[in-house]
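K.L.:
I am sharing final-v4.cif, which consists of mmCIF, C-alpha atoms and all ligand atoms:
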data_work
#
loop_
_atom_site.group_PDB
_atom_site.id
_atom_site.type_symbol
_atom_site.label_atom_id
_atom_site.label_comp_id
_atom_site.auth_asym_id
_atom_site.auth_seq_id
_atom_site.Cartn_x
_atom_site.Cartn_y
_atom_site.Cartn_z
ATOM 1 C CA MET A 1074 40.297 164.316 96.883
ATOM 2 C CA ARG A 1075 37.219 162.472 98.173
ATOM 3 C CA ARG A 1076 36.432 158.858 98.919
ATOM 4 C CA LEU A 1077 33.655 157.183 96.915
ATOM 5 C CA LEU A 1078 34.234 153.600 98.061
ATOM 6 C CA PRO A 1079 34.076 152.285 100.733
ATOM 7 C CA GLY A 1080 31.454 154.827 101.714
ATOM 8 C CA PRO A 1081 29.666 156.917 102.464
ATOM 9 C CA GLY A 1082 31.339 156.973 105.872
ATOM 10 C CA ALA A 1083 30.959 159.045 108.998
ATOM 11 C CA ASP A 1084 33.930 161.105 107.861
ATOM 12 C CA ASP A 1085 33.494 162.394 104.322
ATOM 13 C CA ALA A 1086 36.139 165.106 104.682
ATOM 14 C CA PRO A 1087 38.559 165.588 101.783
ATOM 15 C CA LEU A 1088 41.591 163.324 102.148
ATOM 16 C CA ASP A 1089 44.604 165.187 103.503
ATOM 17 C CA ASP A 1090 48.108 163.774 103.048
ATOM 18 C CA ASP A 1091 47.929 161.554 106.143
ATOM 19 C CA ALA A 1092 44.535 160.152 105.143
ATOM 20 C CA LEU A 1093 45.832 159.459 101.643
ATOM 21 C CA VAL A 1094 48.792 157.542 103.068
ATOM 22 C CA GLU A 1095 46.419 155.463 105.200
ATOM 23 C CA ALA A 1096 44.179 154.860 102.172
ATOM 24 C CA TYR A 1097 47.090 153.263 100.321
ATOM 25 C CA ARG A 1098 48.829 151.292 103.062
ATOM 26 C CA CYS A 1099 49.485 147.635 102.207
ATOM 27 C CA PRO A 1100 49.258 144.654 104.527
ATOM 28 C CA SER A 1101 52.612 144.023 106.227
ATOM 29 C CA GLY A 1102 55.054 141.561 104.694
ATOM 30 C CA ARG A 1103 55.570 140.801 101.025
ATOM 31 C CA TRP A 1104 53.268 142.716 98.680
ATOM 32 C CA LEU A 1105 53.449 143.699 95.017
ATOM 33 C CA ARG A 1106 51.271 146.547 93.824
ATOM 34 C CA MET A 1107 51.112 147.751 90.239
ATOM 35 C CA ASP A 1108 50.587 151.481 89.734
ATOM 36 C CA PHE A 1109 49.194 152.641 86.385
ATOM 37 C CA ILE A 1110 47.246 155.478 84.848
ATOM 38 C CA ALA A 1111 45.004 154.889 81.848
ATOM 39 C CA SER A 1112 42.485 156.786 79.768
ATOM 40 C CA LEU A 1113 38.889 155.545 79.705
ATOM 41 C CA ASP A 1114 39.678 153.611 76.515
ATOM 42 C CA GLY A 1115 42.706 151.916 78.065
ATOM 43 C CA ALA A 1116 45.496 154.023 76.570
ATOM 44 C CA ILE A 1117 48.421 154.484 78.943
ATOM 45 C CA THR A 1118 50.354 157.068 76.957
ATOM 46 C CA VAL A 1119 49.843 160.284 75.023
ATOM 47 C CA GLY A 1120 52.680 160.784 72.581
ATOM 48 C CA GLY A 1121 54.676 157.911 74.072
ATOM 49 C CA VAL A 1122 54.645 158.984 77.738
ATOM 50 C CA SER A 1123 52.099 158.879 80.554
ATOM 51 C CA GLU A 1124 52.364 162.555 81.569
ATOM 52 C CA GLY A 1125 49.516 163.691 79.290
ATOM 53 C CA LEU A 1126 47.036 161.602 81.290
ATOM 54 C CA GLY A 1127 48.081 162.887 84.712
ATOM 55 C CA SER A 1128 46.634 165.395 87.162
ATOM 56 C CA PRO A 1129 47.759 166.939 90.458
ATOM 57 C CA GLY A 1130 45.806 164.232 92.311
ATOM 58 C CA ASP A 1131 47.491 161.475 90.331
ATOM 59 C CA ARG A 1132 50.910 162.910 91.085
ATOM 60 C CA ARG A 1133 49.942 162.956 94.779
ATOM 61 C CA VAL A 1134 48.953 159.288 94.706
ATOM 62 C CA PHE A 1135 52.146 158.464 92.770
ATOM 63 C CA ARG A 1136 54.238 160.117 95.515
ATOM 64 C CA VAL A 1137 52.360 158.285 98.272
ATOM 65 C CA LEU A 1138 52.870 154.898 96.580
ATOM 66 C CA ARG A 1139 56.583 155.606 96.212
ATOM 67 C CA ALA A 1140 56.818 156.819 99.806
ATOM 68 C CA LEU A 1141 55.259 153.584 101.092
ATOM 69 C CA ALA A 1142 57.487 151.333 98.963
ATOM 70 C CA ASP A 1143 60.708 149.523 99.875
ATOM 71 C CA VAL A 1144 61.585 149.521 96.158
ATOM 72 C CA VAL A 1145 60.248 150.995 92.916
ATOM 73 C CA LEU A 1146 60.185 148.195 90.351
ATOM 74 C CA VAL A 1147 59.999 149.072 86.651
ATOM 75 C CA GLY A 1148 60.575 147.519 83.250
ATOM 76 C CA HIS A 1149 63.482 148.840 81.240
ATOM 77 C CA GLY A 1150 61.121 150.071 78.491
ATOM 78 C CA THR A 1151 59.349 152.350 80.961
ATOM 79 C CA ALA A 1152 62.512 153.493 82.740
ATOM 80 C CA SER A 1153 63.904 154.499 79.355
ATOM 81 C CA ALA A 1154 60.746 156.079 77.867
ATOM 82 C CA GLU A 1155 59.935 158.038 81.021
ATOM 83 C CA GLY A 1156 63.515 159.116 81.814
ATOM 84 C CA TYR A 1157 63.701 157.483 85.237
ATOM 85 C CA ARG A 1158 65.900 159.042 87.935
ATOM 86 C CA PRO A 1159 66.764 157.726 91.402
ATOM 87 C CA VAL A 1160 64.523 158.482 94.379
ATOM 88 C CA LEU A 1161 66.484 161.139 96.282
ATOM 89 C CA ALA A 1162 66.079 162.520 99.807
ATOM 90 C CA ASN A 1163 65.698 166.083 98.547
ATOM 91 C CA SER A 1164 62.573 165.399 96.523
ATOM 92 C CA ALA A 1165 58.856 165.472 97.280
ATOM 93 C CA VAL A 1166 58.908 161.679 97.681
ATOM 94 C CA GLY A 1167 62.042 161.808 99.859
ATOM 95 C CA ARG A 1168 60.498 164.448 102.123
ATOM 96 C CA LEU A 1169 57.265 162.468 102.444
ATOM 97 C CA ARG A 1170 59.248 159.321 103.265
ATOM 98 C CA THR A 1171 61.137 161.222 105.975
ATOM 99 C CA ARG A 1172 57.885 162.574 107.405
ATOM 100 C CA LEU A 1173 56.562 158.998 107.573
ATOM 101 C CA GLY A 1174 59.684 157.894 109.466
ATOM 102 C CA ARG A 1175 60.939 155.844 106.531
ATOM 103 C CA PRO A 1176 64.416 155.896 104.936
ATOM 104 C CA PRO A 1177 64.427 159.015 102.727
ATOM 105 C CA THR A 1178 65.575 157.124 99.647
ATOM 106 C CA ALA A 1179 64.507 153.844 98.095
ATOM 107 C CA PRO A 1180 66.132 151.902 95.286
ATOM 108 C CA VAL A 1181 64.728 151.694 91.781
ATOM 109 C CA ALA A 1182 64.881 148.126 90.436
ATOM 110 C CA VAL A 1183 64.929 147.848 86.642
ATOM 111 C CA VAL A 1184 63.817 144.569 85.061
ATOM 112 C CA SER A 1185 65.738 143.875 81.864
ATOM 113 C CA ARG A 1186 66.255 140.509 80.223
ATOM 114 C CA ARG A 1187 69.144 141.987 78.177
ATOM 115 C CA ALA A 1188 70.669 144.113 80.968
ATOM 116 C CA SER A 1189 69.926 147.161 78.801
ATOM 117 C CA LEU A 1190 70.329 149.717 81.580
ATOM 118 C CA ASP A 1191 73.038 152.282 80.724
ATOM 119 C CA PRO A 1192 75.790 152.198 83.396
ATOM 120 C CA ALA A 1193 76.509 155.905 82.731
ATOM 121 C CA SER A 1194 72.890 156.992 83.262
ATOM 122 C CA GLY A 1195 71.915 159.177 86.211
ATOM 123 C CA LEU A 1196 69.631 156.375 87.351
ATOM 124 C CA VAL A 1197 72.797 154.413 88.161
ATOM 125 C CA THR A 1198 75.409 157.054 88.940
ATOM 126 C CA GLU A 1199 73.259 159.447 91.030
ATOM 127 C CA ALA A 1200 71.505 156.837 93.150
ATOM 128 C CA VAL A 1201 71.976 156.947 96.924
ATOM 129 C CA SER A 1202 70.141 153.648 97.401
ATOM 130 C CA PRO A 1203 71.926 151.700 94.663
ATOM 131 C CA THR A 1204 69.828 151.020 91.590
ATOM 132 C CA ILE A 1205 69.089 147.323 91.134
ATOM 133 C CA LEU A 1206 69.247 145.527 87.802
ATOM 134 C CA VAL A 1207 66.988 142.466 87.728
ATOM 135 C CA THR A 1208 68.180 140.301 84.882
ATOM 136 C CA CYS A 1209 68.879 136.694 83.880
ATOM 137 C CA ALA A 1210 71.942 134.529 83.191
ATOM 138 C CA ALA A 1211 71.511 134.916 79.412
ATOM 139 C CA ALA A 1212 72.231 138.667 79.636
ATOM 140 C CA ASP A 1213 75.616 139.807 78.318
ATOM 141 C CA PRO A 1214 78.126 139.271 81.190
ATOM 142 C CA THR A 1215 80.119 142.325 80.107
ATOM 143 C CA ARG A 1216 77.049 144.533 80.468
ATOM 144 C CA ARG A 1217 76.278 143.036 83.856
ATOM 145 C CA ALA A 1218 79.839 143.603 85.044
ATOM 146 C CA ALA A 1219 79.835 147.220 83.795
ATOM 147 C CA LEU A 1220 76.644 147.913 85.730
ATOM 148 C CA ALA A 1221 78.070 146.353 88.894
ATOM 149 C CA ASP A 1222 81.256 148.428 88.453
ATOM 150 C CA ALA A 1223 79.118 151.564 88.115
ATOM 151 C CA GLY A 1224 77.492 150.862 91.486
ATOM 152 C CA ALA A 1225 74.336 148.991 90.521
ATOM 153 C CA THR A 1226 73.261 145.882 92.404
ATOM 154 C CA VAL A 1227 72.880 143.096 89.849
ATOM 155 C CA LEU A 1228 70.386 140.328 90.611
ATOM 156 C CA VAL A 1229 70.539 137.368 88.236
ATOM 157 C CA CYS A 1230 67.209 135.567 88.512
ATOM 158 C CA GLY A 1231 66.504 132.907 85.900
ATOM 159 C CA ASP A 1232 68.443 131.415 83.013
ATOM 160 C CA ASP A 1233 67.036 132.537 79.647
ATOM 161 C CA ASP A 1234 64.462 134.948 81.040
ATOM 162 C CA VAL A 1235 63.845 136.824 84.256
ATOM 163 C CA ASP A 1236 62.135 134.617 86.811
ATOM 164 C CA LEU A 1237 59.896 137.171 88.533
ATOM 165 C CA PRO A 1238 58.947 135.028 91.571
ATOM 166 C CA ALA A 1239 62.670 134.368 92.130
ATOM 167 C CA ALA A 1240 63.431 138.081 91.719
ATOM 168 C CA LEU A 1241 60.823 139.042 94.318
ATOM 169 C CA GLY A 1242 62.207 136.336 96.596
ATOM 170 C CA ALA A 1243 65.735 137.725 96.188
ATOM 171 C CA LEU A 1244 64.483 141.219 97.036
ATOM 172 C CA ALA A 1245 62.616 139.908 100.097
ATOM 173 C CA GLU A 1246 65.808 138.205 101.306
ATOM 174 C CA ARG A 1247 67.331 141.686 101.372
ATOM 175 C CA GLY A 1248 64.426 142.990 103.447
ATOM 176 C CA VAL A 1249 62.787 144.590 100.397
ATOM 177 C CA GLU A 1250 59.220 143.350 100.708
ATOM 178 C CA GLN A 1251 56.793 146.128 99.817
ATOM 179 C CA VAL A 1252 57.120 146.611 96.080
ATOM 180 C CA THR A 1253 55.512 149.365 94.028
ATOM 181 C CA CYS A 1254 55.771 148.462 90.359
ATOM 182 C CA GLU A 1255 55.245 151.288 87.870
ATOM 183 C CA GLY A 1256 54.927 149.135 84.765
ATOM 184 C CA GLY A 1257 55.034 148.945 81.938
ATOM 185 C CA PRO A 1258 52.681 146.730 79.967
ATOM 186 C CA GLN A 1259 55.140 143.897 79.329
ATOM 187 C CA LEU A 1260 56.156 143.733 82.970
ATOM 188 C CA LEU A 1261 52.505 143.878 84.092
ATOM 189 C CA ARG A 1262 51.570 141.028 81.749
ATOM 190 C CA THR A 1263 54.466 138.805 82.771
ATOM 191 C CA ALA A 1264 53.920 139.522 86.471
ATOM 192 C CA LEU A 1265 50.206 138.675 86.177
ATOM 193 C CA ALA A 1266 50.997 135.500 84.242
ATOM 194 C CA ALA A 1267 53.483 134.528 86.966
ATOM 195 C CA GLY A 1268 50.788 135.056 89.604
ATOM 196 C CA VAL A 1269 52.859 137.478 91.689
ATOM 197 C CA VAL A 1270 50.660 140.604 91.592
ATOM 198 C CA ASP A 1271 48.704 141.383 94.760
ATOM 199 C CA GLU A 1272 47.161 144.717 93.835
ATOM 200 C CA LEU A 1273 46.451 147.037 90.912
ATOM 201 C CA ASP A 1274 46.211 150.756 91.636
ATOM 202 C CA LEU A 1275 44.764 152.184 88.456
ATOM 203 C CA SER A 1276 44.048 155.867 87.977
ATOM 204 C CA LEU A 1277 41.344 156.356 85.364
ATOM 205 C CA SER A 1278 41.816 159.613 83.539
ATOM 206 C CA PRO A 1279 38.649 161.194 82.125
ATOM 207 C CA ALA A 1280 40.061 161.162 78.594
ATOM 208 C CA LEU A 1281 39.706 159.184 75.377
ATOM 209 C CA VAL A 1282 42.980 158.787 73.510
ATOM 210 C CA GLY A 1283 42.873 155.800 71.131
ATOM 211 C CA GLY A 1284 45.676 154.307 69.130
ATOM 212 C CA GLU A 1285 48.298 154.302 71.863
ATOM 213 C CA THR A 1286 50.008 151.774 74.138
ATOM 214 C CA ARG A 1287 47.566 149.836 76.273
ATOM 215 C CA LEU A 1288 47.750 148.475 79.805
ATOM 216 C CA LEU A 1289 48.772 144.994 78.607
ATOM 217 C CA ASP A 1290 50.983 144.472 75.576
ATOM 218 C CA ARG A 1291 49.579 141.023 74.757
ATOM 219 C CA ALA A 1292 46.871 138.616 75.897
ATOM 220 C CA LEU A 1293 47.236 136.913 79.254
ATOM 221 C CA PRO A 1294 47.112 133.109 79.394
ATOM 222 C CA GLY A 1295 43.602 133.648 80.821
ATOM 223 C CA PRO A 1296 41.682 136.522 82.420
ATOM 224 C CA ALA A 1297 42.827 137.772 85.813
ATOM 225 C CA ARG A 1298 39.861 138.512 88.114
ATOM 226 C CA LEU A 1299 40.115 141.653 90.208
ATOM 227 C CA THR A 1300 38.169 142.767 93.282
ATOM 228 C CA LEU A 1301 37.456 146.443 93.727
ATOM 229 C CA ARG A 1302 38.546 147.670 97.172
ATOM 230 C CA GLN A 1303 38.616 151.450 97.007
ATOM 231 C CA VAL A 1304 37.709 154.375 94.763
ATOM 232 C CA LEU A 1305 38.826 157.955 95.346
ATOM 233 C CA GLU A 1306 37.990 160.878 93.071
ATOM 234 C CA GLU A 1307 39.386 164.285 92.241
ATOM 235 C CA ASP A 1308 38.794 166.473 89.183
ATOM 236 C CA GLY A 1309 36.960 163.622 87.436
ATOM 237 C CA MET A 1310 39.931 161.250 87.844
ATOM 238 C CA LEU A 1311 39.054 157.958 89.556
ATOM 239 C CA PHE A 1312 41.744 156.403 91.748
ATOM 240 C CA THR A 1313 40.946 152.712 91.993
ATOM 241 C CA ARG A 1314 42.506 150.044 94.178
ATOM 242 C CA TYR A 1315 41.905 146.407 93.202
ATOM 243 C CA ASP A 1316 43.011 143.115 94.741
ATOM 244 C CA VAL A 1317 44.328 140.856 92.012
ATOM 245 C CA GLY A 1318 43.376 137.184 91.777
ATOM 246 C CA ARG A 1319 45.459 134.528 90.124
ATOM 247 C CA PRO A 1320 44.967 134.257 86.334
ATOM 248 C CA GLU A 1321 42.586 131.530 85.138
ATOM 249 C CA PRO A 1322 43.626 129.033 82.493
ATOM 250 C CA ARG A 1323 41.934 129.552 79.132
ATOM 251 C CA PRO A 1324 38.878 127.313 78.674
HETATM 252 N N1 LIG B 1401 50.408 155.121 82.033
HETATM 253 C C1 LIG B 1401 51.169 154.388 82.823
HETATM 254 O O1 LIG B 1401 50.851 154.193 83.992
HETATM 255 C C2 LIG B 1401 52.433 153.760 82.291
HETATM 256 C C3 LIG B 1401 53.183 152.959 83.149
HETATM 257 C C4 LIG B 1401 54.327 152.350 82.649
HETATM 258 C C5 LIG B 1401 54.699 152.518 81.337
HETATM 259 N N2 LIG B 1401 53.952 153.294 80.520
HETATM 260 C C6 LIG B 1401 54.346 153.443 79.113
HETATM 261 O O2 LIG B 1401 54.569 152.162 78.557
HETATM 262 C C7 LIG B 1401 55.592 152.272 77.562
HETATM 263 C C8 LIG B 1401 56.657 151.209 77.791
HETATM 264 O O3 LIG B 1401 56.121 149.955 77.424
HETATM 265 P P1 LIG B 1401 56.965 148.596 77.509
HETATM 266 O O4 LIG B 1401 56.113 147.432 77.172
HETATM 267 O O5 LIG B 1401 58.258 148.809 76.806
HETATM 268 O O6 LIG B 1401 57.228 148.589 79.042
HETATM 269 P P2 LIG B 1401 58.107 147.739 80.028
HETATM 270 O O7 LIG B 1401 57.390 146.515 80.427
HETATM 271 O O8 LIG B 1401 58.487 148.723 81.082
HETATM 272 O O9 LIG B 1401 59.455 147.411 79.247
HETATM 273 C C9 LIG B 1401 59.646 146.336 78.422
HETATM 274 C C10 LIG B 1401 61.116 145.976 78.545
HETATM 275 O O10 LIG B 1401 61.410 145.790 79.934
HETATM 276 C C11 LIG B 1401 62.070 144.565 80.148
HETATM 277 N N3 LIG B 1401 61.109 143.638 80.718
HETATM 278 C C12 LIG B 1401 59.802 143.864 81.023
HETATM 279 N N4 LIG B 1401 59.273 142.791 81.594
HETATM 280 C C13 LIG B 1401 60.240 141.867 81.648
HETATM 281 C C14 LIG B 1401 60.303 140.555 82.143
HETATM 282 N N5 LIG B 1401 59.242 139.943 82.705
HETATM 283 N N6 LIG B 1401 61.471 139.889 82.055
HETATM 284 C C15 LIG B 1401 62.545 140.464 81.509
HETATM 285 N N7 LIG B 1401 62.570 141.716 81.015
HETATM 286 C C16 LIG B 1401 61.417 142.409 81.095
HETATM 287 C C17 LIG B 1401 62.591 144.160 78.784
HETATM 288 O O11 LIG B 1401 63.791 144.927 78.656
HETATM 289 P P3 LIG B 1401 65.047 144.504 77.747
HETATM 290 O O12 LIG B 1401 64.565 144.681 76.336
HETATM 291 O O13 LIG B 1401 66.086 145.464 78.158
HETATM 292 O O14 LIG B 1401 65.373 143.085 78.074
HETATM 293 C C18 LIG B 1401 61.495 144.687 77.865
HETATM 294 O O15 LIG B 1401 61.942 144.898 76.550
HETATM 295 C C19 LIG B 1401 56.162 153.668 77.634
HETATM 296 O O16 LIG B 1401 55.607 154.431 76.583
HETATM 297 C C20 LIG B 1401 55.658 154.176 78.963
HETATM 298 O O17 LIG B 1401 55.455 155.557 78.948
HETATM 299 C C21 LIG B 1401 52.830 153.919 80.976
#
What would you get if you wrote out this structure as structure tokens?

P.N.:
Amino acid sequence: MRRLLPGPGADDAPLDDDALVEAYRCPSGRWLRMDFIASLDGAITVGGVSEGLGSPGDRRVFRVLRALADVVLVGHGTASAEGYRPVLANSAVGRLRTRLGRPPTAPVAVVSRRASLDPASGLVTEAVSPTILVTCAAADPTRRAALADAGATVLVCGDDDVDLPAALGALAERGVEQVTCEGGPQLLRTALAAGVVDELDLSLSPALVGGETRLLDRALPGPARLTLRQVLEEDGMLFTRYDVGRPEPRP
């Protein structure tokens, strides 16, 4: 993997694992980064999942972003479609976390207005760092209780809908500040609209797909303006890192 921006620098050597970690470090304190992969025409799935867009380099970046995170935040639609499992110590991410001197496991936090997470799923029952359900007071109390009984940490943030700023505040109160969010489109849109996104890490796959799920499921209240910070490249895949501005109101 090579760096295209910022550059060219004195050191144009391919990025080894340590250099890749440094390339993706966040400022200290609270930070929310969104990690996505898209085709050149903005599709984020092939046949309903993201795997068909990926590459070895993208999987490397994915592992680094998870290794640097205090929590992996994800919408229930994505956790379900992509068959999410807990982050375990005996995994490539767990080993990288250990090498970086970080706790080997990190919780996965699933955002679900309806508390749809299955209490019997491996994501709940196999987690070492308990899986977190981020939901709201309107969610079925029986479902919430079943998830808590199964070992999940249940955060109720908001009345009729999940209040994302409150949810991030509740995580920060637990010392969970550096958040890597892996989507999906509904969670990205609502997080942008709430003004809580600091960074978008978008891998651009050299593919045209058409007709599939896109990065955002619906229009934002107004465009969000992004600032390009970094571009890496490998096998024609561009690994971009953008700072995210607050969305503008529609004219
Ligand atoms: N290429 C990529 O990088 C990438 C990344 C992520 C996802 N994807 C793809 O995107 C698809 C999933 O799309 P999606 O729109 O269903 O994704 P999603 O945003 O992960 O899931 C939507 C569901 O998550 C919950 N949710 C999301 N945002 C919420 C909010 N602000 N407040 C409360 N609940 C919220 C709701 O769950 P409840 O209905 O349970 O309330 C909602 O129905 C999959 O095909 C996946 O493969 C691709």

K.L.:
Give me the result of the PyMOL selection byres (((chain A and resi 1271-1278) around 6) and not hetatm) on this file, residue by residue, as a list in words.

P.N.:
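Applied to this file, the PyMOL selection byres (((chain A and resi 1271-1278) around 6) and not hetatm) returns Leu1105, Arg1106, Met1107, Asp1108, Phe1109, Ile1110, Ala1111, Ser1112, Val1270, Pro1279, Ala1280, Met1310, Leu1311, Phe1312, Thr1313, Arg1314, Tyr1315, Asp1316 and Val1317 of chain A.
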
K.L.:
Please produce a file of those selected residues containing C-alpha atoms, as an mmCIF file, in the frame of the given file.

P.N.:
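What follows is the written file again-v1.cif:
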data_model
loop_
_atom_site.group_PDB
_atom_site.id
_atom_site.type_symbol
_atom_site.label_atom_id
_atom_site.label_comp_id
_atom_site.auth_asym_id
_atom_site.auth_seq_id
_atom_site.Cartn_x
_atom_site.Cartn_y
_atom_site.Cartn_z
ATOM 1 C CA LEU A 1105 53.449 143.699 95.017
ATOM 2 C CA ARG A 1106 51.271 146.547 93.824
ATOM 3 C CA MET A 1107 51.112 147.751 90.239
ATOM 4 C CA ASP A 1108 50.587 151.481 89.734
ATOM 5 C CA PHE A 1109 49.194 152.641 86.385
ATOM 6 C CA ILE A 1110 47.246 155.478 84.848
ATOM 7 C CA ALA A 1111 45.004 154.889 81.848
ATOM 8 C CA SER A 1112 42.485 156.786 79.768
ATOM 9 C CA VAL A 1270 50.660 140.604 91.592
ATOM 10 C CA PRO A 1279 38.649 161.194 82.125
ATOM 11 C CA ALA A 1280 40.061 161.162 78.594
ATOM 12 C CA MET A 1310 39.931 161.250 87.844
ATOM 13 C CA LEU A 1311 39.054 157.958 89.556
ATOM 14 C CA PHE A 1312 41.744 156.403 91.748
ATOM 15 C CA THR A 1313 40.946 152.712 91.993
ATOM 16 C CA ARG A 1314 42.506 150.044 94.178
ATOM 17 C CA TYR A 1315 41.905 146.407 93.202
ATOM 18 C CA ASP A 1316 43.011 143.115 94.741
ATOM 19 C CA VAL A 1317 44.328 140.856 92.012
#

K.L.:
I need the residue nearest A:Val1094 from this list: A:Leu1206, A:Ala1264, A:Val1201, A:Arg1136. Use only C-alpha atoms for the distance.

P.N.:
A:Arg1136

K.L.:
Identify, on the basis of only C-alpha atoms, every residue whose closest approach to stretch 1139-1152 of chain A does not exceed 6 Å; exclude the query and any residue fewer than 6 positions from it along the same chain; express the result as a PyMOL selection string.

P.N.:
chain A and resi 1166+1170+1179-1185+1249+1251-1257+1260

K.L.:
For stretch 1208-1217 of chain A, list every protein, DNA or RNA residue within 6 Å, evaluated using only C-alpha atoms, and leave out those in the same chain fewer than 3 positions away; present the list as a PyMOL selection string.

P.N.:
chain A and resi 1185-1188+1220+1229-1235

K.L.:
From the set A:Pro1258, A:Pro1294, A:Pro1176, A:Gly1268, which residue has the shortest atom-to-atom contact distance to ligand LIG 1401 (chain B), counting only C-alpha atoms and all ligand atoms?

P.N.:
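Comparing A:Pro1258, A:Pro1294, A:Pro1176, A:Gly1268 against ligand LIG 1401 (chain B), the winner is A:Pro1258.
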
K.L.:
Centre and edge lengths of an axis-aligned box around all listed atoms of stretch 1117-1133 of chain A, with 8 Å added on each side, are to be given in Å to one decimal, as AutoDock Vina command-line options.

P.N.:
--center_x 50.2 --center_y 160.7 --center_z 83.7 --size_x 24.9 --size_y 28.5 --size_z 38.2

K.L.:
My list of candidates is A:Gly1130, A:Gly1080, A:Gly1174, A:Pro1238. Which is closest to ligand LIG 1401 (chain B) when distances are computed with all atoms listed in the file?

P.N.:
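When distances to ligand LIG 1401 (chain B) are compared using all atoms listed in the file, the smallest one comes from A:Pro1238.
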
K.L.:
Decode the PyMOL selection byres (((chain A and resi 1192) around 8) and not hetatm) for the given file into explicit residues and return them as a PyMOL selection string.

P.N.:
chain A and resi 1190-1191+1193-1194+1197-1198+1219-1220+1223+1225

K.L.:
Closest to ligand LIG 1401 (chain B) among A:Arg1132, A:Arg1168, A:Arg1175, A:Arg1302, using all atoms listed in the file?

P.N.:
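The answer is A:Arg1132, which sits nearest to ligand LIG 1401 (chain B).
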
K.L.:
Which residues would end up in the selection if the PyMOL selection byres (((chain A and resi 1284) around 12) and not hetatm) were applied here, given that I need the answer as an NGL selection string?

P.N.:
:A and (1112 or 1114-1121 or 1281-1283 or 1285-1287)

K.L.:
Just checking: using all atoms listed in the file, which residue out of A:Glu1306, A:Asp1222, A:Glu1250, A:Asp1290 ends up closest to A:Cys1099?

P.N.:
A:Glu1250

K.L.:
Excluding A:Asp1089 and its own-chain neighbours fewer than 5 positions away, which residues fall within 12 Å of it when counting only C-alpha atoms? Please give them as a PyMOL selection string.

P.N.:
chain A and resi 1074-1076+1094-1096+1130+1133-1134+1137

K.L.:
Hey, which of A:Asp1131, A:Asp1308, A:Glu1199, A:Asp1085 ends up closest to A:Ala1162? Count only C-alpha atoms.

P.N.:
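Residue with the minimum atom-to-atom distance to A:Ala1162: A:Glu1199.
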
K.L.:
Would you mind reading off the distance between atom CA of A:Val1160 and atom CA of A:Ile1205, one decimal, in Å?

P.N.:
12.5 Å

K.L.:
Tell me, in Å to one decimal, how far atom CA of A:Leu1261 is from atom CA of A:Glu1246.

P.N.:
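That distance, rounded to one decimal, is 22.5 Å.
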
K.L.:
Please, what distance in Å, to one decimal, runs between atom CA of A:Arg1298 and atom CA of A:Val1269?

P.N.:
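We find that atom CA of A:Arg1298 and atom CA of A:Val1269 lie 13.5 Å from each other.
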
K.L.:
Which residues are near A:Arg1291? Cut-off 10 Å, all atoms listed in the file, ignore same chain within fewer than 6 positions. Put them as an NGL selection string.

P.N.:
:A and (1258-1259 or 1262-1263)
